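Novice: Input file: protein.tsv. Contents: TSV, C-alpha atoms.
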```
chain	number	residue	atom	x	y	z
A	76	MET	CA	0.00	0.00	0.00
A	77	GLU	CA	1.61	3.25	-1.14
A	78	LEU	CA	1.34	6.54	0.72
A	79	ARG	CA	0.51	8.24	-2.56
A	80	VAL	CA	-2.56	6.02	-3.01
A	81	LEU	CA	-3.68	6.71	0.56
A	82	GLN	CA	-3.57	10.42	-0.26
A	83	TYR	CA	-5.70	9.73	-3.35
A	84	PHE	CA	-8.21	7.79	-1.25
A	85	LEU	CA	-8.46	10.58	1.34
A	86	ALA	CA	-9.05	13.13	-1.40
A	87	VAL	CA	-12.00	11.10	-2.68
A	88	ALA	CA	-13.36	10.67	0.87
A	89	ARG	CA	-13.06	14.43	1.39
A	90	GLU	CA	-14.61	15.48	-1.93
A	91	GLN	CA	-17.19	12.64	-2.01
A	92	SER	CA	-16.59	12.61	-5.74
A	93	ILE	CA	-13.99	10.89	-7.88
A	94	SER	CA	-14.13	13.58	-10.55
A	95	ARG	CA	-13.66	16.46	-8.07
A	96	ALA	CA	-10.88	14.56	-6.29
A	97	ALA	CA	-9.15	13.95	-9.63
A	98	GLN	CA	-9.25	17.69	-10.37
A	99	SER	CA	-7.77	18.57	-6.96
A	100	LEU	CA	-5.02	15.97	-7.46
A	101	HIS	CA	-4.35	17.02	-11.06
A	102	LEU	CA	-5.08	13.51	-12.32
A	103	THR	CA	-7.42	12.21	-14.97
A	104	GLN	CA	-10.56	10.53	-13.65
A	105	PRO	CA	-9.74	7.13	-15.26
A	106	THR	CA	-6.26	7.16	-13.66
A	107	LEU	CA	-7.70	7.86	-10.21
A	108	SER	CA	-10.44	5.25	-10.62
A	109	THR	CA	-7.82	2.66	-11.61
A	110	GLN	CA	-5.69	3.45	-8.53
A	111	LEU	CA	-8.71	3.14	-6.22
A	112	LYS	CA	-9.80	-0.13	-7.79
A	113	ALA	CA	-6.28	-1.52	-7.33
A	114	LEU	CA	-6.37	-0.47	-3.66
A	115	GLU	CA	-9.66	-2.29	-3.12
A	116	GLU	CA	-8.27	-5.40	-4.81
A	117	GLU	CA	-5.11	-5.24	-2.69
A	118	LEU	CA	-7.17	-5.10	0.51
A	119	GLY	CA	-9.82	-7.51	-0.70
A	120	LYS	CA	-12.59	-5.13	0.43
A	121	GLN	CA	-14.91	-2.64	-1.19
A	122	LEU	CA	-14.03	0.81	0.14
A	123	LEU	CA	-16.29	3.07	-1.91
A	124	ILE	CA	-19.93	2.97	-2.97
A	125	ARG	CA	-20.08	4.65	-6.35
A	126	GLY	CA	-23.16	6.75	-7.00
A	127	THR	CA	-25.48	6.51	-9.94
A	128	PRO	CA	-24.49	8.35	-13.13
A	129	GLY	CA	-27.02	11.02	-12.16
A	130	SER	CA	-25.60	11.80	-8.70
A	131	ARG	CA	-21.98	10.56	-8.95
A	132	LYS	CA	-21.69	10.98	-5.18
A	133	VAL	CA	-19.24	8.58	-3.55
A	134	THR	CA	-19.75	7.28	-0.01
A	135	LEU	CA	-17.52	5.09	2.15
A	136	THR	CA	-18.28	1.55	3.18
A	137	GLU	CA	-17.63	0.52	6.78
A	138	GLU	CA	-14.18	-0.72	5.71
A	139	GLY	CA	-13.65	2.58	3.88
A	140	MET	CA	-14.38	4.56	7.05
A	141	ILE	CA	-11.83	2.45	8.96
A	142	LEU	CA	-9.21	3.04	6.26
A	143	ARG	CA	-9.94	6.79	6.25
A	144	LYS	CA	-9.22	7.04	9.98
A	145	ARG	CA	-6.05	4.96	9.75
A	146	ALA	CA	-4.84	6.73	6.62
A	147	GLU	CA	-5.17	10.12	8.31
A	148	GLU	CA	-3.13	8.83	11.26
A	149	ILE	CA	-0.47	7.28	9.01
A	150	LEU	CA	0.00	10.38	6.87
A	151	SER	CA	0.05	12.64	9.95
A	152	LEU	CA	2.82	10.52	11.44
A	153	VAL	CA	4.76	10.52	8.14
A	154	ASN	CA	4.52	14.32	7.91
A	155	ARG	CA	5.72	14.72	11.51
A	156	THR	CA	8.64	12.36	10.94
A	157	THR	CA	9.65	14.13	7.73
A	158	SER	CA	9.55	17.51	9.45
A	159	GLU	CA	11.60	16.30	12.44
A	160	ILE	CA	14.30	14.78	10.23
A	161	ALA	CA	14.48	17.90	8.09
A	162	LEU	CA	15.02	20.01	11.21
A	163	SER	CA	17.44	17.63	12.92
A	164	ASP	CA	20.58	19.45	11.77
A	165	GLN	CA	19.20	22.96	12.24
A	166	SER	CA	18.73	25.14	15.30
A	167	ILE	CA	16.10	23.92	17.74
A	168	ALA	CA	12.71	24.29	16.09
A	169	GLY	CA	9.70	22.17	15.35
A	170	ASP	CA	6.42	21.02	16.83
A	171	VAL	CA	5.47	19.53	20.19
A	172	TYR	CA	2.21	17.58	20.37
A	173	ILE	CA	0.39	17.18	23.69
A	174	GLY	CA	-2.86	15.36	24.43
A	175	ALA	CA	-4.68	16.48	27.55
A	176	GLY	CA	-7.78	15.82	29.54
A	177	GLU	CA	-9.68	18.80	30.91
A	178	THR	CA	-7.61	19.91	33.88
A	179	ASP	CA	-6.31	23.12	35.39
A	180	GLY	CA	-2.91	21.40	35.23
A	181	ILE	CA	-2.66	22.59	31.62
A	182	ARG	CA	-1.55	25.92	33.12
A	183	LEU	CA	1.77	24.36	34.19
A	184	LEU	CA	2.39	23.01	30.70
A	185	THR	CA	1.53	26.40	29.25
A	186	ARG	CA	4.05	28.18	31.49
A	187	ALA	CA	6.75	25.72	30.48
A	188	ALA	CA	5.80	26.13	26.81
A	189	GLN	CA	6.07	29.92	27.11
A	190	ASN	CA	9.46	29.54	28.74
A	191	VAL	CA	10.62	27.34	25.86
A	192	GLN	CA	9.30	29.73	23.23
A	193	SER	CA	11.02	32.69	24.86
A	194	GLN	CA	14.31	30.92	24.12
A	195	TYR	CA	13.32	29.08	20.94
A	196	PRO	CA	10.57	31.02	19.14
A	197	HIS	CA	10.39	28.51	16.30
A	198	ILE	CA	9.07	25.75	18.57
A	199	HIS	CA	5.29	25.44	18.27
A	200	PHE	CA	2.86	23.60	20.55
A	201	HIS	CA	-0.27	21.71	19.54
A	202	ILE	CA	-2.77	20.69	22.25
A	203	SER	CA	-5.54	18.16	21.55
A	204	SER	CA	-8.30	17.50	24.07
A	205	GLY	CA	-9.63	14.10	25.00
A	206	ASP	CA	-10.23	11.76	27.90
A	207	GLY	CA	-7.56	9.42	29.30
A	208	LYS	CA	-8.38	6.65	26.84
A	209	ASP	CA	-8.02	8.99	23.86
A	210	VAL	CA	-4.72	10.38	25.15
A	211	LEU	CA	-3.13	6.97	25.71
A	212	GLU	CA	-4.30	5.70	22.31
A	213	ASN	CA	-2.70	8.68	20.59
A	214	LEU	CA	0.50	8.20	22.60
A	215	ASP	CA	0.68	4.55	21.56
A	216	LYS	CA	0.18	5.48	17.91
A	217	GLY	CA	2.93	8.10	18.06
A	218	LEU	CA	0.53	10.93	17.21
A	219	ILE	CA	1.47	12.95	20.30
A	220	ASP	CA	4.66	13.36	22.32
A	221	PHE	CA	3.16	13.77	25.79
A	222	GLY	CA	-0.12	13.13	27.54
A	223	LEU	CA	-1.64	14.91	30.52
A	224	LEU	CA	-3.72	12.50	32.59
A	225	LEU	CA	-5.86	12.56	35.72
A	226	GLN	CA	-4.74	9.04	36.53
A	227	THR	CA	-1.54	7.11	36.88
A	228	ALA	CA	-0.41	5.16	33.83
A	229	ASP	CA	1.19	1.73	33.42
A	230	ILE	CA	4.81	2.40	34.44
A	231	THR	CA	5.96	-0.61	32.41
A	232	LYS	CA	4.84	1.24	29.24
A	233	TYR	CA	5.13	4.91	30.14
A	234	GLU	CA	7.36	7.36	31.93
A	235	VAL	CA	5.39	9.37	34.49
A	236	LEU	CA	6.00	12.86	35.85
A	237	GLU	CA	3.66	13.85	38.68
A	238	LEU	CA	2.66	17.51	38.66
A	239	PRO	CA	2.12	19.54	41.88
A	240	VAL	CA	-1.60	19.82	41.18
A	241	ARG	CA	-4.61	18.29	42.90
A	242	GLU	CA	-7.97	18.33	41.15
A	243	THR	CA	-11.13	18.50	43.27
A	244	TRP	CA	-14.36	16.74	42.33
A	245	GLY	CA	-17.70	18.37	42.90
A	246	VAL	CA	-20.92	19.51	41.28
A	247	LEU	CA	-21.50	22.25	38.72
A	248	MET	CA	-25.03	23.63	38.94
A	249	ARG	CA	-27.18	26.66	38.31
A	250	ARG	CA	-27.10	29.29	41.04
A	251	ASP	CA	-30.87	28.90	41.44
A	252	ALA	CA	-30.69	25.10	41.81
A	253	PRO	CA	-31.96	23.59	45.10
A	254	LEU	CA	-28.50	22.22	45.99
A	255	ALA	CA	-26.79	25.59	45.40
A	256	GLY	CA	-27.59	26.61	48.98
A	257	LYS	CA	-25.24	23.93	50.31
A	258	GLU	CA	-21.52	24.58	50.86
A	259	VAL	CA	-20.61	20.96	50.10
A	260	ILE	CA	-22.41	18.07	48.42
A	261	ALA	CA	-22.82	14.68	50.10
A	262	PRO	CA	-23.48	11.44	48.18
A	263	GLU	CA	-27.10	11.22	49.30
A	264	ASP	CA	-27.77	14.70	47.89
A	265	LEU	CA	-27.33	13.25	44.42
A	266	TRP	CA	-29.31	10.04	44.69
A	267	HIS	CA	-32.58	11.47	43.37
A	268	VAL	CA	-31.59	14.32	41.03
A	269	PRO	CA	-30.72	14.25	37.30
A	270	LEU	CA	-26.96	13.87	36.82
A	271	ILE	CA	-24.66	14.65	33.90
A	272	ILE	CA	-21.44	12.62	34.07
A	273	SER	CA	-18.27	12.50	31.98
A	274	ARG	CA	-17.90	9.56	29.62
A	275	GLN	CA	-14.68	8.42	31.29
A	276	ALA	CA	-15.99	8.70	34.86
A	277	PHE	CA	-19.15	6.84	33.87
A	278	SER	CA	-17.11	3.80	32.88
A	279	SER	CA	-14.94	3.81	36.03
A	280	ALA	CA	-15.71	2.68	39.56
A	281	MET	CA	-14.47	5.89	41.19
A	282	LEU	CA	-17.74	7.83	41.20
A	283	SER	CA	-19.83	4.78	42.09
A	284	SER	CA	-17.62	4.21	45.10
A	285	TRP	CA	-17.97	7.82	46.29
A	286	LEU	CA	-21.72	7.95	45.58
A	287	LYS	CA	-22.24	4.64	47.42
A	288	ARG	CA	-24.51	3.62	44.57
A	289	ASP	CA	-24.05	1.95	41.22
A	290	LEU	CA	-24.55	4.53	38.50
A	291	SER	CA	-27.26	2.33	36.95
A	292	GLU	CA	-29.34	2.97	40.10
A	293	LEU	CA	-29.17	6.75	39.69
A	294	HIS	CA	-30.82	9.19	37.30
A	295	VAL	CA	-28.07	9.79	34.76
A	296	ALA	CA	-29.69	12.22	32.35
A	297	ALA	CA	-26.68	12.53	30.02
A	298	THR	CA	-22.95	11.98	29.60
A	299	TYR	CA	-20.39	14.39	28.16
A	300	ASN	CA	-16.90	14.28	26.72
A	301	LEU	CA	-16.00	17.98	27.01
A	302	LEU	CA	-17.13	19.83	30.13
A	303	TYR	CA	-18.03	22.98	28.21
A	304	ASN	CA	-20.85	21.03	26.55
A	305	GLY	CA	-21.87	19.69	29.95
A	306	SER	CA	-21.99	23.22	31.35
A	307	LEU	CA	-24.42	24.26	28.60
A	308	MET	CA	-26.67	21.35	29.57
A	309	VAL	CA	-26.61	22.64	33.13
A	310	GLU	CA	-27.48	26.18	32.03
A	311	GLU	CA	-30.48	24.79	30.18
A	312	GLY	CA	-31.65	23.03	33.36
A	313	MET	CA	-30.96	19.44	32.30
A	314	GLY	CA	-29.33	18.47	35.59
A	315	TYR	CA	-26.22	18.62	37.76
A	316	VAL	CA	-22.77	18.00	36.27
A	317	LEU	CA	-20.28	15.93	38.26
A	318	CYS	CA	-16.90	17.37	37.32
A	319	LEU	CA	-13.62	18.92	38.41
A	320	ASP	CA	-13.28	22.43	39.80
A	321	ARG	CA	-11.59	25.38	37.99
A	322	ILE	CA	-12.36	24.24	34.45
A	323	ILE	CA	-15.56	26.22	33.99
A	324	ASN	CA	-15.40	29.84	35.16
A	325	THR	CA	-18.13	30.36	37.79
A	326	SER	CA	-17.04	33.80	38.98
A	327	GLY	CA	-18.65	37.17	38.34
A	328	ASP	CA	-22.03	37.11	36.66
A	329	SER	CA	-21.84	33.43	35.64
A	330	PRO	CA	-25.23	31.69	36.09
A	331	LEU	CA	-23.37	28.63	37.40
A	332	CYS	CA	-21.68	27.72	40.67
A	333	PHE	CA	-19.50	24.84	41.88
A	334	ARG	CA	-19.80	22.92	45.16
A	335	PRO	CA	-17.16	20.36	46.24
A	336	PHE	CA	-17.87	16.82	47.35
A	337	ALA	CA	-17.91	15.94	51.05
A	338	PRO	CA	-16.12	13.74	51.86
A	339	SER	CA	-13.64	15.28	49.43
A	340	LEU	CA	-12.53	13.42	46.30
A	341	GLU	CA	-9.28	14.50	44.66
A	342	LEU	CA	-7.16	13.36	41.73
A	343	GLY	CA	-3.48	13.83	40.91
A	344	VAL	CA	-2.27	15.12	37.55
A	345	TYR	CA	0.46	13.33	35.59
A	346	MET	CA	2.43	14.01	32.43
A	347	VAL	CA	3.28	10.77	30.65
A	348	TRP	CA	5.17	9.64	27.56
A	349	LYS	CA	6.17	6.32	26.07
A	350	LYS	CA	9.18	4.51	27.50
A	351	TYR	CA	12.25	4.65	25.26
A	352	GLN	CA	10.64	7.47	23.27
A	353	VAL	CA	12.98	9.11	20.78
A	354	PHE	CA	12.07	12.79	20.98
A	355	SER	CA	12.57	15.57	18.49
A	356	LYS	CA	14.85	18.35	19.74
A	357	ALA	CA	11.80	20.52	20.38
A	358	ALA	CA	10.02	17.88	22.48
A	359	GLU	CA	13.22	17.09	24.40
A	360	LYS	CA	13.74	20.77	25.19
A	361	PHE	CA	10.16	21.05	26.47
A	362	LEU	CA	10.58	18.01	28.71
A	363	ASN	CA	13.82	19.39	30.16
A	364	VAL	CA	12.16	22.73	30.94
A	365	MET	CA	9.19	20.97	32.57
A	366	ARG	CA	11.54	19.00	34.80
A	367	GLU	CA	13.52	22.12	35.73
A	368	GLU	CA	10.39	24.04	36.63
A	369	LEU	CA	9.00	21.20	38.73
A	370	GLU	CA	12.33	20.84	40.56
A	371	ALA	CA	12.38	24.59	41.26
A	372	SER	CA	8.79	24.44	42.50
A	373	GLU	CA	9.59	21.54	44.81
A	374	LYS	CA	12.69	23.28	46.17
A	375	SER	CA	10.67	26.43	46.82
A	376	ARG	CA	8.04	24.41	48.66
A	377	ARG	CA	10.66	22.71	50.86
A	378	ASP	CA	12.70	25.86	51.52
A	379	PRO	CA	10.27	28.80	51.30
A	380	PHE	CA	12.77	31.26	52.86
A	381	ASP	CA	15.75	30.50	50.59
```
Hey, can you dump this file as structure tokens for me?
Specialist:
Amino acid sequence: MELRVLQYFLAVAREQSISRAAQSLHLTQPTLSTQLKALEEELGKQLLIRGTPGSRKVTLTEEGMILRKRAEEILSLVNRTTSEIALSDQSIAGDVYIGAGETDGIRLLTRAAQNVQSQYPHIHFHISSGDGKDVLENLDKGLIDFGLLLQTADITKYEVLELPVRETWGVLMRRDAPLAGKEVIAPEDLWHVPLIISRQAFSSAMLSSWLKRDLSELHVAATYNLLYNGSLMVEEGMGYVLCLDRIINTSGDSPLCFRPFAPSLELGVYMVWKKYQVFSKAAEKFLNVMREELEASEKSRRDPFD
């Protein structure tokens, strides 16, 4: 399977038309059709459903959708590798890719990134959001250099750097909600109200343990992947979001407020990367700066009067 043919396939998937894709690729339509047919024969699967002569719209089969996702990942990795090799004998420059869950800990990474860019302005940072599962999958595929997690990772597969951040669980709600009058939220307060829970937390035992109930026994009105979407559900009165503090701004004239759990429930924040990872110069410089800043922070905490 050639990279060139994968690019052809992605062009067709993007344009939903062989003729339009051929124009964008500066190929004749018969040449492109022949390349796509050869790809299907090589894989032994139909990838495209050709439209009728009247519509000519092309759609992807299930196998075609799988190939589209994998082809995008493969070509992204090839482009990154090409760029890193091209820059390897130049001054420190390039791209650093970080996958992160929603956490206030991103502030620490941002400070380190700013520090790096003040010295090396041609280093650029790319942050992608996702839950822990997404982050680890992208790490394993080599699509990102570092991941920011709200959980420890398998130390046989990953290097782990714990950040001096603790995330607090609680409830995001409207200021006029019945529970807003409480300073803290106990498990029993949530047994009979509509809840909105993150996709990752829903599949873990952590919240069930704190709530003293299986989530299937509670009124889970919705799940979310990004908290901003969950906060909009709250504003519209759909329910109470179980989430981490300091991600949604509840100060000033915000219609929302946050109340912590009691007993408290906290999570650590960890930066992880694959063991034996060969970094680009840019990624290596970022990691060194992160370590230096964490060491300085720890020294300051131990010796506040130095």
Novice: Which is closer to Ile322 in chain A than all the others in A:Glu212, A:Glu116, A:Glu242, A:Asp206, using only C-alpha atoms?
Specialist: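 For Ile322 in chain A, the nearest of the given residues is A:Glu242.
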Novice: With distances taken over all atoms listed in the file, which residue among A:Leu282, A:Ile271, A:Val344, A:Ala358 lies nearest Glu237 in chain A?
Specialist: A:Val344
Novice: If we count all atoms listed in the file, what is near range 360-370 of chain A at a cut-off of 10 Å, once residues fewer than 5 positions away on the same chain are taken out, given as a PyMOL selection string?
Specialist: chain A and resi 167-168+171+183-192+195+198+200+220-221+236-239+346+354-355+375-376
Novice: Between CA of Glu373 in chain A and CA of Thr231 in chain A, what is the distance, to one decimal in Å?
Specialist: 25.6 Å
Novice: Which of these, A:Tyr83, A:Gly119, A:Leu302, A:Lys287, has the shortest distance to Thr106 in chain A once you count all atoms listed in the file?
Specialist: A:Tyr83
Novice: Please provide as a PDB file with C-alpha atoms, in the coordinates of the input all residues within 6 Å of range 258-263 of chain A, with the sequence filter that same-chain residues fewer than 3 positions apart are discarded (counting all atoms listed in the file).
Specialist:
```pdb
ATOM      1  CA  TRP A 266     -29.310  10.040  44.690  1.00  0.00           C
ATOM      2  CA  LEU A 286     -21.720   7.950  45.580  1.00  0.00           C
ATOM      3  CA  ARG A 334     -19.800  22.920  45.160  1.00  0.00           C
ATOM      4  CA  PRO A 335     -17.160  20.360  46.240  1.00  0.00           C
ATOM      5  CA  PHE A 336     -17.870  16.820  47.350  1.00  0.00           C
ATOM      6  CA  ALA A 337     -17.910  15.940  51.050  1.00  0.00           C
TER       7      ALA A 337
END
```
Novice: Go through A:Thr109, A:Ala228, A:Lys132, A:Leu122 and flag the residue nearest Ser92 in chain A, using all atoms listed in the file for the distances.
Specialist: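 Closest to Ser92 in chain A of all the choices is A:Lys132.
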Novice: Just to confirm, what's the straight-line distance from CA of Val153 in chain A to CA of Glu234 in chain A in Å (one decimal)?
Specialist: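 Result for CA of Val153 in chain A versus CA of Glu234 in chain A: 24.1 Å, one decimal.
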Novice: Pick out the residues sitting within 6 Å of Leu270 in chain A, and hand them over as a list in words; count only C-alpha atoms, and ignore anything fewer than 4 positions along from it in its own chain.
Specialist: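 So the residues in contact are Val295, Ala296, Gly314, Tyr315 and Val316 of chain A.
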Novice: Please determine, counting all atoms listed in the file, which residue among A:Val347, A:Leu307, A:Val240, A:Cys318 has the shortest atom-to-atom distance to Leu211 in chain A.
Specialist: A:Val347
Novice: Expressed in Å to a single decimal, how great is the separation between CA of Arg250 in chain A and CA of Cys332 in chain A?
Specialist: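 Here the two named atoms are 5.7 Å from each other.
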Novice: Using all atoms listed in the file, which of A:Ile93, A:Leu152, A:Leu331, A:Leu265 sits nearest Pro105 in chain A?
Specialist: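 Going through A:Ile93, A:Leu152, A:Leu331, A:Leu265 one by one, the smallest distance to Pro105 in chain A is for A:Ile93.
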Novice: Using all atoms listed in the file, which residues sit within 10 Å of Ile323 in chain A once same-chain residues fewer than 6 positions away are excluded, as a ChimeraX atom specification?
Specialist: /A:177,179,247,302-303,305-306,329,331-333
Novice: List as a PyMOL selection string the residues having at least one atom at most 12 Å from position (-7.4, 17.4, -7.3) as given in the file, counting all atoms listed in the file.
Specialist: chain A and resi 82-87+89-90+92-104+107
